[in-house]
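All remarks here apply to the structure that follows.
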Number of protein chains: 2
Amino acid sequence: MPDNRSEAPSTEEPDEQSTGGEGPAAVTIAYIAESAGVSVPTVSKVLNGRSGVSDETRARIEELIQRYGYRKPPKNRSNLVELVFRELESMWAVEIIRGVERAARRNKVGVLVSEFGLHDTPVRTIDETVGRRPQCVLSVAWLSEGERDQLKAKGIPFVVFDPSRELPDDVPFVGATNWRGGQAATRHLIELGHRSIAMITGPDHPFCLARTAGYVSALTEAGLPVDPNLMVKTLLTREDGCTAARDLLSRSDRPTAVFTSNDMQALGVYQAARELGLRIPDDLSVVGFDDVPAVAWVDPPLTTVHQPLADMAVAATELALALGRGEDVPQVGVEIATTLTVRESTAPPKS
Amino acid sequence: MPDNRSEAPSTEEPDEQSTGGEGPAAVTIAYIAESAGVSVPTVSKVLNGRSGVSDETRARIEELIQRYGYRKPPKNRSNLVELVFRELESMWAVEIIRGVERAARRNKVGVLVSEFGLHDTPVRTIDETVGRRPQCVLSVAWLSEGERDQLKAKGIPFVVFDPSRELPDDVPFVGATNWRGGQAATRHLIELGHRSIAMITGPDHPFCLARTAGYVSALTEAGLPVDPNLMVKTLLTREDGCTAARDLLSRSDRPTAVFTSNDMQALGVYQAARELGLRIPDDLSVVGFDDVPAVAWVDPPLTTVHQPLADMAVAATELALALGRGEDVPQVGVEIATTLTVRESTAPPKS
């Protein structure tokens, strides 16, 4: 149910005339016409301030337009999608841009890329995005309620890519199967014979919590204890991964394997292991998450959970464009499957 | 001198009325008017097919428009710059996009990113770019003559970023000081005491040739011989860098240091050294070129020539926007300084 229709009594809502009741699409002219008992051209005349409508009908239509929060879609919608990043820093931004560009050119639309900056120091705002009249907006990781409201008001559909916070159920998103990925990584270590498997967890973003839950699930299904001492929570950086690993690996009963919440943390584990004279995978197995290009080139190449960023970006773009066309999309949220990429950083523990 | 004015006899060219004679800006209406001995509004009437101009004057103006190759600038130029990549694969694409985005938001314009695909399998064409009516176009590494002609015909200025081929002198570009970078890298190795310094060279792109020339210059200024046997030419990939390094490092008189044409080749040298049991920097010093993020995380962190991609992208965007405003830019080509980033892959040779 679109937010901006919530004031309409449900008995008055004809299912057929709405533009895909599941999505965030704006209420249609057809729906206004149906509700007012007039034709679509009559509503159109009122919207465009043209004559040929009686005062009484005009007033009734205007009341409905007001009540249902109908906003006329921008007339000259540009032939563009806009991809919004908070920070264009991540190793994986290129993969996302590539996927969006691939889907966009298939649909003969152009791709706008913008960087909004962090929340306390914004450098661009959603006003500018709205002003560029894109067909739809893809926002990486986050879109605030205020931003969503502005887009809704202008009838610009949006999809959140790999959400980093909880979002209301009606916000379309595309993510990865983070829980399954965490489970696959941990199962791989268990199958190799590891019994003392640490995890470097991350911030309370949904995708991090899901990865940790996958780790816990795999331990549990294998009948292994979930030891809180083996879970160290820190940020998703190489430096913090290194600090966490120094703590874990300096213990007398150090774990034989570490699963990290992302690849950068795993590279931090590599550094800590070097400092402590531990060889990977002989003395320590390491599994990361994301599969950014660089981890195939480090020594040893990292075993990691592959996040299909380009495929996710294609799916997000197709979803956003479908919403923009007012199509009745089958679902507003989707998670694309991760896969485990086994390289050389994992081996059976030394007996 | 803009290409499309080359047929105008130089004696007829009033300096004041031209739009920045140095740049590729199109000839102006004012210049046509001056040449025809009529007012600007009269030329405008002819251009827009309006009445109020005698047949004789109209014919004269049309002849001049034809002769000087004047093209009416697109009326509804969008508030966008377009950044064109051939392949959105490079490790450094994000840095370029960030720089363009930074300059664009300072100028209150949006950023379009498109991927054209390789020359034999194009997936987008310049027609689409022209259709999006950007204020200017930045093309990474390359822009064909046909593409340049299409942009010129529509009055859309362009800048080539880090050209990978020779371009005519009037094509605006922004690059890095590749020759100086190659020189600085080689000087660093000479100062550490190395005398047998190999170079893995790259394809015949101008930027590769300049890096190699910097290596040769540094050897020559230090009175060291330039030994063709120590220069191995290959592609700019990790795999090819590894193959070239295997050749160099398997020799009985193997070099004590290797300078590579880019960071990926240097990572290939790391792999070859590992295979051959050579320690970096104890047995072999390595210097790369580019300073992509990943090379700070490998073991040991790579000494490399930092290419200021974001700064280059800012400069390219500002140049393109200035050309779009018809400003008289001081120069159409600029190289931004590289700097040597010394990390842990270089040390004095073992005596």
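How things are named: the first chain in the structure tokens is A, the next is B, and so on; residues count from 1 in each chain; ligands count from 1 in the order shown.
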
Quick one: contact table of chain B to chain A, 10 Å max, nearest atom pair and distance in Å to one decimal per residue, counting only C-alpha atoms, chain and number order, as a Markdown table?
| residue | atom | partner | partner_atom | distance |
| --- | --- | --- | --- | --- |
| B:Ser78 | CA | A:Arg132 | CA | 8.8 |
| B:Asn79 | CA | A:Arg132 | CA | 8.0 |
| B:Leu80 | CA | A:Leu112 | CA | 8.8 |
| B:Val81 | CA | A:Leu112 | CA | 9.5 |
| B:Glu82 | CA | A:Leu112 | CA | 8.7 |
| B:Leu83 | CA | A:Leu112 | CA | 9.7 |
| B:Glu87 | CA | A:Arg98 | CA | 9.0 |
| B:Leu88 | CA | A:Arg98 | CA | 6.2 |
| B:Glu89 | CA | A:Val94 | CA | 7.1 |
| B:Ser90 | CA | A:Val94 | CA | 8.3 |
| B:Met91 | CA | A:Val94 | CA | 8.1 |
| B:Trp92 | CA | A:Val94 | CA | 8.9 |
| B:Ala93 | CA | A:Val94 | CA | 6.7 |
| B:Val94 | CA | A:Val94 | CA | 6.1 |
| B:Glu95 | CA | A:Glu89 | CA | 7.9 |
| B:Ile97 | CA | A:Leu88 | CA | 8.1 |
| B:Arg98 | CA | A:Leu88 | CA | 6.2 |
| B:Gly99 | CA | A:Leu88 | CA | 9.9 |
| B:Val100 | CA | A:Ser114 | CA | 9.9 |
| B:Glu101 | CA | A:Ser114 | CA | 6.6 |
| B:Arg102 | CA | A:Glu115 | CA | 8.3 |
| B:Ala104 | CA | A:Ser114 | CA | 9.4 |
| B:Arg105 | CA | A:Arg124 | CA | 7.1 |
| B:Arg106 | CA | A:Val123 | CA | 9.0 |
| B:Lys108 | CA | A:Glu128 | CA | 8.5 |
| B:Val109 | CA | A:Glu128 | CA | 8.8 |
| B:Gly110 | CA | A:Leu112 | CA | 6.9 |
| B:Val111 | CA | A:Leu112 | CA | 5.4 |
| B:Leu112 | CA | A:Leu112 | CA | 4.2 |
| B:Val113 | CA | A:Val111 | CA | 5.6 |
| B:Ser114 | CA | A:Glu101 | CA | 6.6 |
| B:Glu115 | CA | A:Glu101 | CA | 7.0 |
| B:Phe116 | CA | A:Arg105 | CA | 9.7 |
| B:Val123 | CA | A:Arg105 | CA | 7.7 |
| B:Arg124 | CA | A:Arg105 | CA | 7.1 |
| B:Glu128 | CA | A:Gly110 | CA | 8.3 |
| B:Thr129 | CA | A:Gly110 | CA | 8.4 |
| B:Gly131 | CA | A:Asn79 | CA | 9.9 |
| B:Arg132 | CA | A:Gly110 | CA | 7.9 |
| B:Arg238 | CA | A:Trp297 | CA | 8.6 |
| B:Met264 | CA | A:Trp297 | CA | 9.3 |
| B:Leu267 | CA | A:Trp297 | CA | 7.2 |
| B:Gly268 | CA | A:Trp297 | CA | 8.7 |
| B:Tyr270 | CA | A:Asp299 | CA | 9.1 |
| B:Gln271 | CA | A:Asp299 | CA | 8.2 |
| B:Arg274 | CA | A:Asp299 | CA | 8.9 |
| B:Pro293 | CA | A:Met91 | CA | 8.4 |
| B:Ala294 | CA | A:Ala294 | CA | 5.8 |
| B:Val295 | CA | A:Ala294 | CA | 8.6 |
| B:Trp297 | CA | A:Leu267 | CA | 7.2 |
| B:Val298 | CA | A:Val298 | CA | 5.8 |
| B:Asp299 | CA | A:Asp299 | CA | 7.4 |
| B:Pro300 | CA | A:Gln271 | CA | 10.0 |

task = Output as a ChimeraX atom specification all residues of range 146-274 of chain B that backbone DSSP marks as strand (DSSP E or B).
result = /B:158-161,173-176,197-201,231-233,257-260

message = I want to know what sits within 6 Å of Gln183 in chain A, based on only C-alpha atoms, with residues of the same chain fewer than 5 positions away left out; could you give that as a list in words?
response = Gly214, Tyr215 and Ala218 of chain A

Selection export as a PDB file, in the first residue's frame, atoms kept: N, CA and C atoms:
ATOM      1  N   GLY A 214      24.416 -16.051  10.524  1.00  0.00           N
ATOM      2  CA  GLY A 214      24.773 -17.221   9.714  1.00  0.00           C
ATOM      3  C   GLY A 214      25.886 -18.023  10.367  1.00  0.00           C
ATOM      4  N   TYR A 215      26.858 -17.308  10.940  1.00  0.00           N
ATOM      5  CA  TYR A 215      27.964 -17.950  11.671  1.00  0.00           C
ATOM      6  C   TYR A 215      27.418 -18.738  12.858  1.00  0.00           C
ATOM      7  N   ALA A 218      25.507 -21.889  11.731  1.00  0.00           N
ATOM      8  CA  ALA A 218      26.358 -22.995  11.277  1.00  0.00           C
ATOM      9  C   ALA A 218      27.005 -23.706  12.460  1.00  0.00           C
TER      10      ALA A 218
END

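Minimum atom-to-atom distances from A:Leu219, A:Leu248, A:Leu224, A:Ile200 to Asn262 in chain A were compared using only C-alpha atoms, and the lowest value belongs to A:Ile200.
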
message = Run DSSP on the backbone and tell me which residues of range 95-319 of chain B come out as alpha helix (DSSP H); list them as a PyMOL selection string.
response = chain B and resi 95-106+126-131+145-153+178-191+206-221+238-249+263-275+309-319

key: Spatial neighbours of Ala315 in chain A, max dist 10 Å, only C-alpha atoms, sep filter under 2 positions, as number ranges by chain   = A: 99-100, 103, 161, 173-175, 309-313, 317-321, 334-336

query = range 252-257 of chain A: which residues within 6 Å, counting only C-alpha atoms, same-chain residues fewer than 5 positions away excluded, as a PyMOL selection string?
reply = chain A and resi 196-197+284-286

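Between CA of Phe158 in chain A and CA of Leu138 in chain A there is a distance of 5.7 Å.
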
Within 9 Å of Gly193 in chain B, counting only C-alpha atoms, which residues show up once you throw out same-chain ones fewer than 5 positions away? Write them as a JSON list (two decimals) with N, CA and C atoms, in the first residue's frame, please.
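See part13.json below for the written result:
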[["chain", "number", "residue", "atom", "x", "y", "z"],
["B", 188, "HIS", "N", 64.90, 6.98, -7.19],
["B", 188, "HIS", "CA", 64.78, 6.42, -5.83],
["B", 188, "HIS", "C", 65.58, 5.12, -5.73],
["B", 347, "ALA", "N", 64.51, -1.19, -0.73],
["B", 347, "ALA", "CA", 65.59, -1.13, 0.26],
["B", 347, "ALA", "C", 66.92, -1.19, -0.50],
["B", 348, "PRO", "N", 68.02, -0.86, 0.15],
["B", 348, "PRO", "CA", 69.30, -0.99, -0.53],
["B", 348, "PRO", "C", 69.54, -2.44, -0.94],
["B", 349, "PRO", "N", 70.27, -2.65, -2.03],
["B", 349, "PRO", "CA", 70.55, -4.03, -2.45],
["B", 349, "PRO", "C", 71.50, -4.70, -1.46]]

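In terms of minimum interatomic distance to Thr339 in chain B, B:Gly181 ranks closest within B:Thr260, B:Leu276, B:Val287, B:Gly181, counting only C-alpha atoms.
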
message = Show me, as a PyMOL selection string, the residues that have an atom within 12 Å of Ser144 in chain A when counting only C-alpha atoms, minus same-chain residues fewer than 3 positions from it.
response = chain A and resi 86+116+119+125-126+139-141+147-151+158+160+163-168+171

Store the residues of this selection in a file with N, CA and C atoms, as a short mmCIF file (atom, residue, chain, number, x, y, z; two decimals), in the first residue's frame.
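So result39.cif came out as:
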data_model
loop_
_atom_site.label_atom_id
_atom_site.label_comp_id
_atom_site.auth_asym_id
_atom_site.auth_seq_id
_atom_site.Cartn_x
_atom_site.Cartn_y
_atom_site.Cartn_z
N ARG A 86 26.49 7.48 -0.46
CA ARG A 86 26.86 8.39 0.62
C ARG A 86 28.32 8.75 0.47
N PHE A 116 26.41 11.93 -1.86
CA PHE A 116 25.72 12.84 -0.95
C PHE A 116 26.59 13.27 0.23
N HIS A 119 26.17 11.85 6.76
CA HIS A 119 24.96 12.50 7.24
C HIS A 119 25.22 13.84 7.92
N THR A 125 22.14 17.24 -1.93
CA THR A 125 20.88 16.91 -1.28
C THR A 125 19.92 16.31 -2.31
N ILE A 126 18.86 15.73 -1.77
CA ILE A 126 17.87 15.06 -2.62
C ILE A 126 17.14 16.09 -3.50
N SER A 139 19.59 4.09 -4.23
CA SER A 139 20.45 4.66 -3.21
C SER A 139 21.22 3.55 -2.52
N VAL A 140 22.54 3.70 -2.49
CA VAL A 140 23.37 2.66 -1.89
C VAL A 140 23.32 2.78 -0.37
N ALA A 141 22.83 1.72 0.27
CA ALA A 141 22.87 1.53 1.71
C ALA A 141 21.82 2.31 2.50
N GLU A 147 14.12 11.99 2.76
CA GLU A 147 14.47 11.83 1.34
C GLU A 147 13.42 10.99 0.61
N ARG A 148 12.98 9.93 1.28
CA ARG A 148 11.96 9.08 0.66
C ARG A 148 10.67 9.88 0.42
N ASP A 149 10.32 10.72 1.42
CA ASP A 149 9.10 11.52 1.28
C ASP A 149 9.20 12.49 0.11
N GLN A 150 10.38 13.07 -0.06
CA GLN A 150 10.53 14.02 -1.18
C GLN A 150 10.39 13.32 -2.53
N LEU A 151 10.98 12.13 -2.60
CA LEU A 151 10.88 11.38 -3.86
C LEU A 151 9.44 10.95 -4.12
N PHE A 158 12.00 4.63 -5.95
CA PHE A 158 13.37 4.44 -5.48
C PHE A 158 13.54 3.02 -4.97
N VAL A 160 16.46 0.89 -2.41
CA VAL A 160 17.66 0.97 -1.58
C VAL A 160 18.52 -0.25 -1.85
N PRO A 163 20.72 -2.39 2.02
CA PRO A 163 20.39 -1.47 3.13
C PRO A 163 21.30 -1.66 4.34
N SER A 164 21.75 -0.56 4.91
CA SER A 164 22.60 -0.63 6.09
C SER A 164 21.80 -0.36 7.36
N ARG A 165 20.51 -0.03 7.20
CA ARG A 165 19.65 0.15 8.38
C ARG A 165 18.31 -0.50 8.11
N GLU A 166 17.56 -0.71 9.19
CA GLU A 166 16.21 -1.24 9.03
C GLU A 166 15.37 -0.22 8.29
N LEU A 167 14.56 -0.68 7.36
CA LEU A 167 13.69 0.21 6.59
C LEU A 167 12.26 -0.28 6.74
N PRO A 168 11.27 0.62 6.59
CA PRO A 168 9.88 0.17 6.62
C PRO A 168 9.65 -0.89 5.54
N VAL A 171 9.52 -0.21 1.65
CA VAL A 171 10.64 0.38 0.91
C VAL A 171 11.32 -0.71 0.07
#

ask   = What gap, in Å, lies between CA of Lys350 in chain A and CA of Ala185 in chain A?
value = 19.3 Å
